Amino acid sequence: MKPGSRGRPWALSAPALLLFVVLLMVPLVMTFILSFHSFSFYGGIAPTFSLENYAEVLGDSYFYEIFGRTFAIALATTVICAVVGLPQAYFLSRMRPFWRSVMILVVLGPLLISVVVRTLGWAILLGNKGVINTALRDIGLITSPIRMMYTSGGIVLALVHVMVPFMILAIWAALQRQDPATEAAAESLGARPFTIFRRIVLPQAMPGVLSGSLIVFSLSASAFATPAILGGRRVKVVSTTVYDEFLNTLNWPLGAAIAILLLVSVLTIMLAWNKLVEKRFAGVFE
Amino acid sequence: MPFLELSGLTKRFGDVTAVDDFSLAVEKGEFVSLLGPSGCGKTTTLQMIAGFEQPSSGHITLNGRRLDEVPARQRGLGIVFQTYALFPHMTVEENVAFGLEMRGIGRQDRKRKVAAALDLVHLSNLSARYPRAMSGGQRQRVALARALVIEPELLLLDEPLSNLDAKLREEMQLELRRIQQEAGVTTLLVTHDQNEAMALSDRVAVMHHGRLMQEETPFHVYENPKSSFISTFLGKTNSLAATVVKTDEAGSVLACNGMELKGPAAHHLPGPVTLSLRPERIEIVEENEAVLSGTVIERIFLGDQWLFRIETPLGPLLVVRRNRGLREPEHGEAVHLAWTPEHLRVLPAEEGAA
Amino acid sequence: MRHNGPFAKIFSVVFAAFMLAPLVVVIGVSFTPEGFLEFPPSAISLRWFRAILDNPDFIEAAWISLKLGVASATVSSVLAVPAALAIGRGRFAGRDALQALFLSPLTVPTVVLGIAFLRFLTVFGANGTFAGLMFCHAIIIMPFILRLVLASVTGLDRSTEQAAVSLGASDWTVFRRVTLPAILPGVIGGWVLAFITSFDELTVTVFIVSPTTTTLPVRLFSHITQTTDPLVASISTVAILFTVGLMFLVDRIYGLDRLLIGEGSR
């Protein structure tokens, strides 16, 4: 911009950088160190350096179950979001402007409403005496309530509600980049609507599906409010386990080790996924 | 001493030399164009004069004052940007007044000067509009008024007409020339459009690969291009590879594609050269006057003129004829062509191919 | 452009019902006159809205959330705007790393952020303080502001600033008179999005609040995990209405479509 402005970008970023270094990087490093400390119920946290917390987590099938459940829930949520989000994003792109605005509000508006509030809605819907069970019993379809609260299925359902907007946003962005004339071209060559969707739209939307999946998976794997409210102590996932270790058991080092393992596994999956996507779709992204 | 002097201006970006030892002198009140294809370094040169880029070496002197150490905002130049760069949240009047405000000029004076500037560009009635609500040509005028109102010593125009459609562009060329002369401001225009450069400027400086190729009046550059690059860049031309067989004061003999052609006296030693022959200099004549014969392989009607492509022993030649409302040769017809030897330009052989 | 067939229409309606269902039941339940969750309500009553007034805990929590949202969104904006100007234009060594760092709160699991903040604040004795909460929130919401401001900055015509400079404006004047007005919609949009994110944040906040700084989502969360009564529904309804009001406001200023979809969506 001006002679001698080489340091300028850094000067402009310095305040934000300072905040992030002091209050993000330092705490993360401290947490990493904490995960090597030991804990006893009476002595509290001792600044030792050992792998005992990791050994405890990795040597106990209880934790395997929790990690397994967490990633299963995240995977199921991601798949459902993709299967539902893809056609919905496509339909959205073909709506008349007025209905599109309405639908965008309906689809994306909930993003702005607290997850606690939305999960409360699902708790009311899914409970044994909840709206769905009551309605089903009233019309005589069931005699005893279907258990949906405190199940993985219930958590997935509510998580889909929370996450599907992100998926639609990502696919929508990919569809926006598509030249609408490509569909017309396919039609002029004799393709039926479903063929157009499968052969023309789907391949172009795929980068959006994949990047949306990445977001949905990582957010679902670390979701807290929804599994905490709908799963309680009975259906524990990694984040609720960490919460219990920190705020109930007070075994911070163990909680930190679990959290670090969550961080590492989520980052690993994301990086691997990114690599895969880049390799497969190198040509589609400009 | 010239009013604006660029001497040995060089700009390197890493390994790339964008502007290479560029020197140019502009007299007060003159209108000079920097003409060249995109990537030739003309915009970088303008950015260095404006102070947005720092030269790697060389100097810029304006009215006896070295600009090297002067920050962009104190150079006091009027600049019209390619995108016009109007402030979208300010009205026309506020846009034009901005520079005066920066100079701390009082409200009354400001009003008067803005009115005069808008008058100059014929926009007085639109002073309360926002740029968004204006046409391309009007925005262009606002940008011009904003640059001129600060009474700059030098006006820099960066591809000012490239965002306008063809018809408007021609109108604005005349307008621009009028406004520049009324304001009497020394002007440097950067453009890739040879018509624009030739129509507007007193002198044209052709740039290529960061270097100055030729710098003369538009007529001179067009008629006597110094290289085959310039001859093809300015206007249409037929470029032919040839060899000088012999040359003396009376003229030269050139071998081209197995034919012997007469040419003007060449300064070149016998050896390879490039011949340039303007399509409008080739005439269609009777057989007995012909230099060579050929067949029409393409014919395009352009309204005021006809464009022919004619297959000849020299290769395909472009020929342009004014439309006189008469029948012209048709596709496949045999024609006879002639030109005066003086109209052949003998240029250094092109490095590489065509 | 072709429009949707009947299958697409039915699909969209069902999907919209799915998206709205939890919100509709929360709002519906909040109007019950009964002492338990009931949907649809047998009668319309404002009993549970009046009950909010008898629970100063929730009002206090809402007030803290409001202050926290305003303060952290403002702090974050003030930091994000210059950073976005640096990142959004010009290349410099470390630019990509810097951007990745500022967007990283989106990638790191929130529960990890929560315990990291808890650990840090505890060691330095600032846990549960309003200032601690504010700066932690400022970090979490930074990516939202940065993305919107970055979109504005990259959409900015660089030559308008050069024009101002050539007319004699100083750096500060260029920023104040030309750059800021041009990116202002993005800054406001980012601020609102950040405010809402802070206002709704639970996972990080639940670790670092103290009884005196408990925010509304945390208060609601701990209430819900113990019992679900119509009171949480009526409070949630108020929160929903508040958000809808904000959305309406944003739509006027920035365009809700643009805020949600963004020129630079993820």
# chains A, B, ... in the order shown; residues from 1 in each chain; ligands from 1
call {"tool": "interface_residues", "arguments": {"of": "chain A", "to": "chain C", "cutoff": "7 Å", "atoms": "only C-alpha atoms", "output": "PyMOL selection string"}}
result
chain A and resi 9+12-13+15-16+20+27-28+31+88+91+94-95+106-108+112-114+116-118+121-122+131+161+169-170+222+224-225+229+239+259+263
call {"tool": "interface_residues", "arguments": {"of": "chain B", "to": "chain C", "cutoff": "12 Å", "atoms": "only C-alpha atoms", "output": "compact mmCIF listing (two decimals) with all heavy atoms, in the first residue's frame"}}
result
# COMPACT_ATOMS: atom_id res chain seq x y z
N GLN B 47 1.24 3.15 -11.58
CA GLN B 47 1.18 2.99 -10.13
C GLN B 47 2.41 3.60 -9.46
O GLN B 47 2.32 4.12 -8.35
CB GLN B 47 1.09 1.50 -9.78
CG GLN B 47 -0.20 0.84 -10.23
CD GLN B 47 -1.23 0.77 -9.11
OE1 GLN B 47 -0.88 0.51 -7.97
NE2 GLN B 47 -2.47 1.05 -9.42
N ILE B 49 4.13 6.20 -10.68
CA ILE B 49 3.97 7.66 -10.75
C ILE B 49 3.00 8.12 -9.67
O ILE B 49 3.22 9.11 -8.98
CB ILE B 49 3.48 8.10 -12.14
CG1 ILE B 49 4.46 7.67 -13.23
CG2 ILE B 49 3.27 9.61 -12.18
CD1 ILE B 49 3.97 7.87 -14.64
N ALA B 50 1.91 7.33 -9.49
CA ALA B 50 0.90 7.69 -8.50
C ALA B 50 1.42 7.52 -7.08
O ALA B 50 0.90 8.12 -6.14
CB ALA B 50 -0.34 6.83 -8.70
N GLY B 51 2.45 6.68 -6.91
CA GLY B 51 3.00 6.46 -5.57
C GLY B 51 2.45 5.24 -4.88
O GLY B 51 2.67 5.04 -3.70
N PHE B 52 1.71 4.38 -5.62
CA PHE B 52 1.17 3.16 -5.01
C PHE B 52 2.17 2.02 -5.10
O PHE B 52 2.02 1.00 -4.44
CB PHE B 52 -0.15 2.76 -5.68
CG PHE B 52 -1.21 3.82 -5.55
CD1 PHE B 52 -1.99 4.19 -6.64
CD2 PHE B 52 -1.42 4.47 -4.33
CE1 PHE B 52 -2.96 5.18 -6.52
CE2 PHE B 52 -2.39 5.44 -4.21
CZ PHE B 52 -3.16 5.80 -5.31
N GLU B 53 3.15 2.16 -5.98
CA GLU B 53 4.24 1.20 -6.04
C GLU B 53 5.54 1.97 -5.93
O GLU B 53 5.63 3.11 -6.39
CB GLU B 53 4.23 0.43 -7.38
CG GLU B 53 3.06 -0.50 -7.57
CD GLU B 53 3.16 -1.77 -6.75
OE1 GLU B 53 4.19 -1.95 -6.06
OE2 GLU B 53 2.22 -2.56 -6.79
N VAL B 70 8.01 11.31 -1.90
CA VAL B 70 6.72 11.93 -1.56
C VAL B 70 5.66 10.84 -1.45
O VAL B 70 5.47 10.07 -2.39
CB VAL B 70 6.31 12.95 -2.64
CG1 VAL B 70 5.01 13.62 -2.27
CG2 VAL B 70 7.43 13.97 -2.85
N PRO B 71 4.95 10.72 -0.30
CA PRO B 71 3.89 9.70 -0.21
C PRO B 71 2.76 10.01 -1.18
O PRO B 71 2.53 11.17 -1.54
CB PRO B 71 3.42 9.79 1.24
CG PRO B 71 3.96 11.05 1.78
CD PRO B 71 5.13 11.45 0.95
N ALA B 72 2.04 8.94 -1.57
CA ALA B 72 1.00 9.06 -2.59
C ALA B 72 0.03 10.21 -2.29
O ALA B 72 -0.36 10.94 -3.19
CB ALA B 72 0.24 7.75 -2.70
N ARG B 73 -0.31 10.37 -1.00
CA ARG B 73 -1.37 11.34 -0.72
C ARG B 73 -0.88 12.78 -0.80
O ARG B 73 -1.68 13.71 -0.76
CB ARG B 73 -2.01 11.05 0.63
CG ARG B 73 -1.13 11.29 1.80
CD ARG B 73 -1.83 10.81 3.05
NE ARG B 73 -0.89 10.67 4.12
CZ ARG B 73 -0.60 11.66 4.94
NH1 ARG B 73 -1.19 12.83 4.79
NH2 ARG B 73 0.28 11.48 5.89
N GLN B 74 0.44 12.96 -0.87
CA GLN B 74 0.93 14.34 -0.98
C GLN B 74 1.39 14.67 -2.40
O GLN B 74 1.91 15.75 -2.64
CB GLN B 74 2.08 14.55 0.01
CG GLN B 74 1.56 14.70 1.43
CD GLN B 74 2.66 14.53 2.46
OE1 GLN B 74 3.83 14.56 2.13
NE2 GLN B 74 2.27 14.35 3.71
N ARG B 75 1.19 13.74 -3.35
CA ARG B 75 1.69 14.02 -4.70
C ARG B 75 0.76 14.96 -5.46
O ARG B 75 1.18 15.58 -6.42
CB ARG B 75 1.87 12.71 -5.48
CG ARG B 75 2.97 11.88 -4.87
CD ARG B 75 3.43 10.75 -5.78
NE ARG B 75 4.46 9.99 -5.06
CZ ARG B 75 5.22 9.06 -5.58
NH1 ARG B 75 5.09 8.74 -6.86
NH2 ARG B 75 6.13 8.44 -4.88
N GLY B 76 -0.50 15.00 -5.06
CA GLY B 76 -1.44 15.94 -5.68
C GLY B 76 -1.73 15.64 -7.14
O GLY B 76 -1.89 16.54 -7.95
N LEU B 77 -1.78 14.37 -7.49
CA LEU B 77 -2.11 14.00 -8.87
C LEU B 77 -3.58 13.66 -8.97
O LEU B 77 -4.17 13.16 -8.03
CB LEU B 77 -1.28 12.78 -9.29
CG LEU B 77 0.21 12.82 -8.99
CD1 LEU B 77 0.88 11.56 -9.47
CD2 LEU B 77 0.85 14.05 -9.62
N GLY B 78 -4.15 13.95 -10.13
CA GLY B 78 -5.52 13.53 -10.37
C GLY B 78 -5.50 12.19 -11.06
O GLY B 78 -4.80 12.02 -12.05
N ILE B 79 -6.24 11.22 -10.51
CA ILE B 79 -6.21 9.88 -11.10
C ILE B 79 -7.63 9.43 -11.43
O ILE B 79 -8.53 9.55 -10.60
CB ILE B 79 -5.57 8.86 -10.14
CG1 ILE B 79 -4.20 9.37 -9.70
CG2 ILE B 79 -5.46 7.49 -10.80
CD1 ILE B 79 -3.52 8.49 -8.68
N VAL B 80 -7.81 8.94 -12.64
CA VAL B 80 -9.08 8.30 -13.00
C VAL B 80 -8.80 6.82 -13.15
O VAL B 80 -7.98 6.41 -13.95
CB VAL B 80 -9.64 8.89 -14.31
CG1 VAL B 80 -10.89 8.12 -14.72
CG2 VAL B 80 -9.96 10.36 -14.12
N PHE B 81 -9.48 6.02 -12.31
CA PHE B 81 -9.21 4.59 -12.28
C PHE B 81 -10.05 3.85 -13.28
O PHE B 81 -11.13 4.31 -13.67
CB PHE B 81 -9.48 4.05 -10.87
CG PHE B 81 -8.54 4.58 -9.83
CD1 PHE B 81 -8.77 5.80 -9.23
CD2 PHE B 81 -7.42 3.86 -9.47
CE1 PHE B 81 -7.90 6.30 -8.28
CE2 PHE B 81 -6.55 4.35 -8.52
CZ PHE B 81 -6.80 5.58 -7.92
N GLN B 82 -9.57 2.68 -13.63
CA GLN B 82 -10.28 1.85 -14.60
C GLN B 82 -11.70 1.55 -14.15
O GLN B 82 -12.63 1.57 -14.94
CB GLN B 82 -9.50 0.54 -14.78
CG GLN B 82 -10.09 -0.34 -15.86
CD GLN B 82 -9.16 -1.50 -16.18
OE1 GLN B 82 -8.18 -1.73 -15.50
NE2 GLN B 82 -9.47 -2.21 -17.23
N THR B 83 -11.87 1.27 -12.84
CA THR B 83 -13.20 0.97 -12.31
C THR B 83 -13.91 2.24 -11.84
O THR B 83 -14.94 2.17 -11.20
CB THR B 83 -13.10 0.02 -11.12
OG1 THR B 83 -12.23 0.63 -10.15
CG2 THR B 83 -12.52 -1.32 -11.52
N TYR B 84 -13.29 3.37 -12.08
CA TYR B 84 -13.74 4.71 -11.63
C TYR B 84 -13.52 4.92 -10.14
O TYR B 84 -13.25 6.02 -9.71
CB TYR B 84 -15.22 4.99 -11.97
CG TYR B 84 -15.58 4.60 -13.38
CD1 TYR B 84 -16.79 4.01 -13.67
CD2 TYR B 84 -14.68 4.82 -14.43
CE1 TYR B 84 -17.10 3.64 -14.97
CE2 TYR B 84 -14.99 4.46 -15.72
CZ TYR B 84 -16.19 3.86 -15.99
OH TYR B 84 -16.50 3.48 -17.25
N ALA B 85 -13.68 3.84 -9.33
CA ALA B 85 -13.38 3.94 -7.90
C ALA B 85 -14.13 5.08 -7.23
O ALA B 85 -13.60 5.76 -6.37
CB ALA B 85 -11.88 4.08 -7.67
N LEU B 86 -15.38 5.28 -7.63
CA LEU B 86 -16.19 6.29 -6.94
C LEU B 86 -16.53 5.76 -5.56
O LEU B 86 -16.65 4.57 -5.36
CB LEU B 86 -17.46 6.57 -7.73
CG LEU B 86 -17.22 7.15 -9.12
CD1 LEU B 86 -18.54 7.37 -9.84
CD2 LEU B 86 -16.44 8.44 -9.05
N PHE B 87 -16.70 6.68 -4.61
CA PHE B 87 -17.09 6.27 -3.26
C PHE B 87 -18.59 6.00 -3.28
O PHE B 87 -19.38 6.93 -3.44
CB PHE B 87 -16.73 7.35 -2.25
CG PHE B 87 -15.29 7.79 -2.33
CD1 PHE B 87 -14.95 9.13 -2.40
CD2 PHE B 87 -14.27 6.85 -2.36
CE1 PHE B 87 -13.63 9.53 -2.49
CE2 PHE B 87 -12.94 7.24 -2.46
CZ PHE B 87 -12.62 8.59 -2.52
N PRO B 88 -18.99 4.75 -3.13
CA PRO B 88 -20.39 4.40 -3.38
C PRO B 88 -21.36 5.02 -2.39
O PRO B 88 -22.54 5.19 -2.69
CB PRO B 88 -20.41 2.87 -3.28
CG PRO B 88 -19.20 2.51 -2.47
CD PRO B 88 -18.19 3.58 -2.73
N HIS B 89 -20.87 5.36 -1.18
CA HIS B 89 -21.75 5.87 -0.14
C HIS B 89 -21.80 7.38 -0.13
O HIS B 89 -22.36 7.98 0.79
CB HIS B 89 -21.30 5.34 1.21
CG HIS B 89 -19.85 5.66 1.49
ND1 HIS B 89 -18.83 5.09 0.79
CD2 HIS B 89 -19.29 6.51 2.35
CE1 HIS B 89 -17.68 5.55 1.23
NE2 HIS B 89 -17.93 6.43 2.18
N MET B 90 -21.18 8.04 -1.10
CA MET B 90 -21.22 9.49 -1.16
C MET B 90 -21.92 9.90 -2.45
O MET B 90 -21.82 9.21 -3.47
CB MET B 90 -19.80 10.07 -1.16
CG MET B 90 -18.99 9.74 0.07
SD MET B 90 -17.38 10.57 -0.03
CE MET B 90 -16.45 9.62 1.17
N GLU B 94 -20.43 14.99 -3.11
CA GLU B 94 -19.51 14.64 -2.03
C GLU B 94 -18.26 13.96 -2.56
O GLU B 94 -17.15 14.17 -2.06
CB GLU B 94 -20.22 13.72 -1.03
CG GLU B 94 -21.24 14.45 -0.17
CD GLU B 94 -22.19 13.50 0.56
OE1 GLU B 94 -22.20 12.28 0.25
OE2 GLU B 94 -22.93 13.98 1.42
N ASN B 95 -18.45 13.13 -3.60
CA ASN B 95 -17.30 12.50 -4.23
C ASN B 95 -16.33 13.55 -4.74
O ASN B 95 -15.12 13.48 -4.50
CB ASN B 95 -17.77 11.63 -5.40
CG ASN B 95 -17.86 10.16 -5.03
OD1 ASN B 95 -16.84 9.49 -4.93
ND2 ASN B 95 -19.07 9.69 -4.80
N VAL B 96 -16.87 14.51 -5.47
CA VAL B 96 -16.01 15.52 -6.10
C VAL B 96 -15.38 16.42 -5.03
O VAL B 96 -14.24 16.86 -5.17
CB VAL B 96 -16.82 16.34 -7.13
CG1 VAL B 96 -15.96 17.42 -7.74
CG2 VAL B 96 -17.36 15.41 -8.22
N ALA B 97 -16.14 16.66 -3.95
CA ALA B 97 -15.64 17.58 -2.93
C ALA B 97 -14.57 16.94 -2.03
O ALA B 97 -13.84 17.65 -1.34
CB ALA B 97 -16.80 18.06 -2.05
N PHE B 98 -14.46 15.61 -2.07
CA PHE B 98 -13.60 14.91 -1.12
C PHE B 98 -12.16 15.44 -1.13
O PHE B 98 -11.59 15.74 -0.08
CB PHE B 98 -13.61 13.41 -1.44
CG PHE B 98 -12.89 12.56 -0.43
CD1 PHE B 98 -13.54 12.09 0.69
CD2 PHE B 98 -11.55 12.24 -0.59
CE1 PHE B 98 -12.90 11.30 1.63
CE2 PHE B 98 -10.87 11.46 0.35
CZ PHE B 98 -11.56 10.99 1.46
N GLY B 99 -11.59 15.58 -2.32
CA GLY B 99 -10.20 16.03 -2.43
C GLY B 99 -10.01 17.44 -1.89
O GLY B 99 -8.99 17.76 -1.27
N LEU B 100 -11.02 18.29 -2.13
CA LEU B 100 -10.95 19.67 -1.64
C LEU B 100 -11.02 19.69 -0.12
O LEU B 100 -10.33 20.45 0.54
CB LEU B 100 -12.11 20.49 -2.22
CG LEU B 100 -12.13 20.58 -3.75
CD1 LEU B 100 -13.41 21.27 -4.22
CD2 LEU B 100 -10.91 21.33 -4.25
N GLU B 101 -11.86 18.81 0.40
CA GLU B 101 -12.01 18.70 1.85
C GLU B 101 -10.67 18.30 2.48
O GLU B 101 -10.27 18.85 3.51
CB GLU B 101 -13.04 17.60 2.11
CG GLU B 101 -13.90 17.80 3.33
CD GLU B 101 -14.84 16.62 3.46
OE1 GLU B 101 -15.58 16.34 2.47
OE2 GLU B 101 -14.83 15.99 4.51
N MET B 102 -9.98 17.34 1.85
CA MET B 102 -8.69 16.90 2.36
C MET B 102 -7.68 18.04 2.37
O MET B 102 -6.74 18.05 3.14
CB MET B 102 -8.13 15.75 1.50
CG MET B 102 -8.93 14.48 1.56
SD MET B 102 -9.08 13.85 3.24
CE MET B 102 -10.85 13.95 3.49
N ARG B 103 -7.89 18.99 1.47
CA ARG B 103 -6.98 20.13 1.40
C ARG B 103 -7.43 21.26 2.32
O ARG B 103 -6.85 22.35 2.29
CB ARG B 103 -6.90 20.63 -0.04
CG ARG B 103 -6.04 19.74 -0.88
CD ARG B 103 -6.22 19.96 -2.36
NE ARG B 103 -5.29 19.10 -3.09
CZ ARG B 103 -5.35 17.77 -3.10
NH1 ARG B 103 -6.30 17.15 -2.45
NH2 ARG B 103 -4.46 17.05 -3.75
N GLY B 104 -8.48 21.02 3.07
CA GLY B 104 -8.94 22.02 4.04
C GLY B 104 -9.52 23.26 3.39
O GLY B 104 -9.45 24.36 3.94
N ALA B 143 -15.79 10.64 -12.14
CA ALA B 143 -14.41 10.31 -11.78
C ALA B 143 -13.46 11.37 -12.32
O ALA B 143 -12.51 11.78 -11.65
CB ALA B 143 -14.05 8.94 -12.34
N LEU B 144 -13.76 11.84 -13.52
CA LEU B 144 -12.93 12.87 -14.14
C LEU B 144 -13.02 14.19 -13.37
O LEU B 144 -12.01 14.84 -13.09
CB LEU B 144 -13.42 13.06 -15.59
CG LEU B 144 -12.44 13.55 -16.62
CD1 LEU B 144 -11.17 12.71 -16.60
CD2 LEU B 144 -13.08 13.47 -18.00
N ARG B 146 -13.83 14.53 -10.25
CA ARG B 146 -13.19 14.38 -8.95
C ARG B 146 -11.68 14.53 -9.06
O ARG B 146 -11.02 15.07 -8.18
CB ARG B 146 -13.54 13.00 -8.38
CG ARG B 146 -13.01 12.79 -6.99
CD ARG B 146 -13.41 11.46 -6.43
NE ARG B 146 -12.74 10.37 -7.14
CZ ARG B 146 -12.93 9.08 -6.86
NH1 ARG B 146 -13.75 8.73 -5.90
NH2 ARG B 146 -12.31 8.14 -7.55
N ALA B 147 -11.12 14.03 -10.17
CA ALA B 147 -9.67 14.12 -10.35
C ALA B 147 -9.24 15.53 -10.73
O ALA B 147 -8.17 16.00 -10.32
CB ALA B 147 -9.22 13.12 -11.42
N LEU B 148 -10.08 16.22 -11.49
CA LEU B 148 -9.67 17.53 -12.00
C LEU B 148 -9.90 18.65 -10.99
O LEU B 148 -9.21 19.67 -11.03
CB LEU B 148 -10.44 17.86 -13.29
CG LEU B 148 -9.99 17.09 -14.52
CD1 LEU B 148 -10.93 17.37 -15.69
CD2 LEU B 148 -8.55 17.46 -14.89
N VAL B 149 -10.84 18.47 -10.07
CA VAL B 149 -11.25 19.58 -9.21
C VAL B 149 -10.11 20.01 -8.28
O VAL B 149 -10.05 21.16 -7.85
CB VAL B 149 -12.52 19.19 -8.40
CG1 VAL B 149 -12.17 18.25 -7.26
CG2 VAL B 149 -13.22 20.43 -7.88
N ILE B 150 -9.18 19.10 -8.00
CA ILE B 150 -8.06 19.49 -7.12
C ILE B 150 -6.96 20.20 -7.91
O ILE B 150 -5.89 20.47 -7.39
CB ILE B 150 -7.48 18.25 -6.38
CG1 ILE B 150 -6.99 17.21 -7.39
CG2 ILE B 150 -8.50 17.65 -5.43
CD1 ILE B 150 -6.21 16.06 -6.74
N GLU B 151 -7.26 20.51 -9.16
CA GLU B 151 -6.31 21.19 -10.05
C GLU B 151 -4.95 20.51 -9.99
O GLU B 151 -3.95 21.11 -9.60
CB GLU B 151 -6.21 22.68 -9.68
CG GLU B 151 -7.52 23.40 -9.97
CD GLU B 151 -7.62 24.75 -9.28
OE1 GLU B 151 -6.56 25.33 -9.00
OE2 GLU B 151 -8.75 25.20 -9.04
N PRO B 152 -4.91 19.27 -10.42
CA PRO B 152 -3.67 18.51 -10.32
C PRO B 152 -2.65 18.99 -11.34
O PRO B 152 -3.02 19.52 -12.39
CB PRO B 152 -4.12 17.08 -10.65
CG PRO B 152 -5.28 17.26 -11.56
CD PRO B 152 -5.98 18.50 -11.08
N LEU B 154 -0.77 16.91 -12.73
CA LEU B 154 -0.71 15.83 -13.70
C LEU B 154 -1.98 14.99 -13.55
O LEU B 154 -2.40 14.67 -12.45
CB LEU B 154 0.52 14.96 -13.41
CG LEU B 154 0.73 13.73 -14.30
CD1 LEU B 154 1.03 14.16 -15.72
CD2 LEU B 154 1.87 12.89 -13.75
N LEU B 155 -2.58 14.66 -14.69
CA LEU B 155 -3.77 13.81 -14.68
C LEU B 155 -3.38 12.42 -15.20
O LEU B 155 -2.79 12.30 -16.28
CB LEU B 155 -4.85 14.42 -15.58
CG LEU B 155 -6.18 13.67 -15.70
CD1 LEU B 155 -6.89 13.61 -14.37
CD2 LEU B 155 -7.07 14.32 -16.75
N LEU B 156 -3.67 11.39 -14.39
CA LEU B 156 -3.36 10.02 -14.81
C LEU B 156 -4.66 9.30 -15.14
O LEU B 156 -5.58 9.27 -14.32
CB LEU B 156 -2.63 9.26 -13.68
CG LEU B 156 -1.29 9.83 -13.24
CD1 LEU B 156 -0.76 9.05 -12.05
CD2 LEU B 156 -0.28 9.80 -14.38
N LEU B 157 -4.74 8.74 -16.32
CA LEU B 157 -5.95 8.02 -16.72
C LEU B 157 -5.59 6.55 -16.92
O LEU B 157 -4.78 6.22 -17.78
CB LEU B 157 -6.50 8.59 -18.04
CG LEU B 157 -6.77 10.10 -18.07
CD1 LEU B 157 -7.13 10.55 -19.48
CD2 LEU B 157 -7.89 10.46 -17.11
N ASP B 158 -6.20 5.69 -16.12
CA ASP B 158 -5.89 4.25 -16.20
C ASP B 158 -7.01 3.54 -16.94
O ASP B 158 -8.06 3.27 -16.36
CB ASP B 158 -5.72 3.70 -14.78
CG ASP B 158 -5.32 2.24 -14.78
OD1 ASP B 158 -5.00 1.71 -15.87
OD2 ASP B 158 -5.32 1.64 -13.70
call {"tool": "closest_residue", "arguments": {"among": "B:Gly14, B:Pro264, B:Gly39, B:Gly29", "to": "His192 in chain B", "atoms": "only C-alpha atoms"}}
result
B:Gly39
call {"tool": "residues_around", "arguments": {"residues": "Val250 in chain C", "least_positions_apart": "5", "cutoff": "8 Å", "atoms": "only C-alpha atoms", "output": "MDAnalysis selection string"}}
result
chainID C and resid 189 192 255:256
call {"tool": "write_last_selection", "arguments": {"atoms": "all heavy atoms", "output": "PDB file, in the first residue's frame"}}
result
ATOM      1  N   GLY C 189     -23.343  -7.184  10.285  1.00  0.00           N
ATOM      2  CA  GLY C 189     -23.825  -8.554  10.159  1.00  0.00           C
ATOM      3  C   GLY C 189     -23.021  -9.505  11.036  1.00  0.00           C
ATOM      4  O   GLY C 189     -23.571 -10.332  11.760  1.00  0.00           O
ATOM      5  N   VAL C 192     -23.809  -9.018  14.772  1.00  0.00           N
ATOM      6  CA  VAL C 192     -25.075  -9.625  15.204  1.00  0.00           C
ATOM      7  C   VAL C 192     -24.947 -11.139  15.302  1.00  0.00           C
ATOM      8  O   VAL C 192     -25.367 -11.758  16.285  1.00  0.00           O
ATOM      9  CB  VAL C 192     -26.220  -9.237  14.237  1.00  0.00           C
ATOM     10  CG1 VAL C 192     -27.493  -9.988  14.603  1.00  0.00           C
ATOM     11  CG2 VAL C 192     -26.461  -7.747  14.270  1.00  0.00           C
ATOM     12  N   GLY C 255     -29.639  -8.061   5.342  1.00  0.00           N
ATOM     13  CA  GLY C 255     -30.227  -9.123   4.524  1.00  0.00           C
ATOM     14  C   GLY C 255     -29.945 -10.454   5.185  1.00  0.00           C
ATOM     15  O   GLY C 255     -28.798 -10.851   5.314  1.00  0.00           O
ATOM     16  N   LEU C 256     -30.998 -11.113   5.621  1.00  0.00           N
ATOM     17  CA  LEU C 256     -30.831 -12.359   6.363  1.00  0.00           C
ATOM     18  C   LEU C 256     -30.218 -13.445   5.481  1.00  0.00           C
ATOM     19  O   LEU C 256     -29.365 -14.211   5.909  1.00  0.00           O
ATOM     20  CB  LEU C 256     -32.195 -12.806   6.901  1.00  0.00           C
ATOM     21  CG  LEU C 256     -32.158 -13.791   8.055  1.00  0.00           C
ATOM     22  CD1 LEU C 256     -31.373 -13.211   9.208  1.00  0.00           C
ATOM     23  CD2 LEU C 256     -33.565 -14.127   8.493  1.00  0.00           C
TER      24      LEU C 256
END
call {"tool": "residues_around", "arguments": {"residues": "range 215-219 of chain A", "least_positions_apart": "2", "cutoff": "8 Å", "atoms": "only C-alpha atoms", "output": "PyMOL selection string"}}
result
(chain A and resi 74-75+77-78+81+163-164+166-167+211-213+221-223+266+270) or (chain C and resi 107+109)
call {"tool": "atom_distance", "arguments": {"atom1": "CA of Leu212 in chain B", "atom2": "CA of Glu170 in chain B"}}
result
26.9 Å
call {"tool": "select_by_dssp", "arguments": {"residues": "range 6-116 of chain A", "states": "alpha helix (DSSP H)", "output": "PyMOL selection string"}}
result
chain A and resi 8-20+26-34+52-58+61-94+97-108+115-116
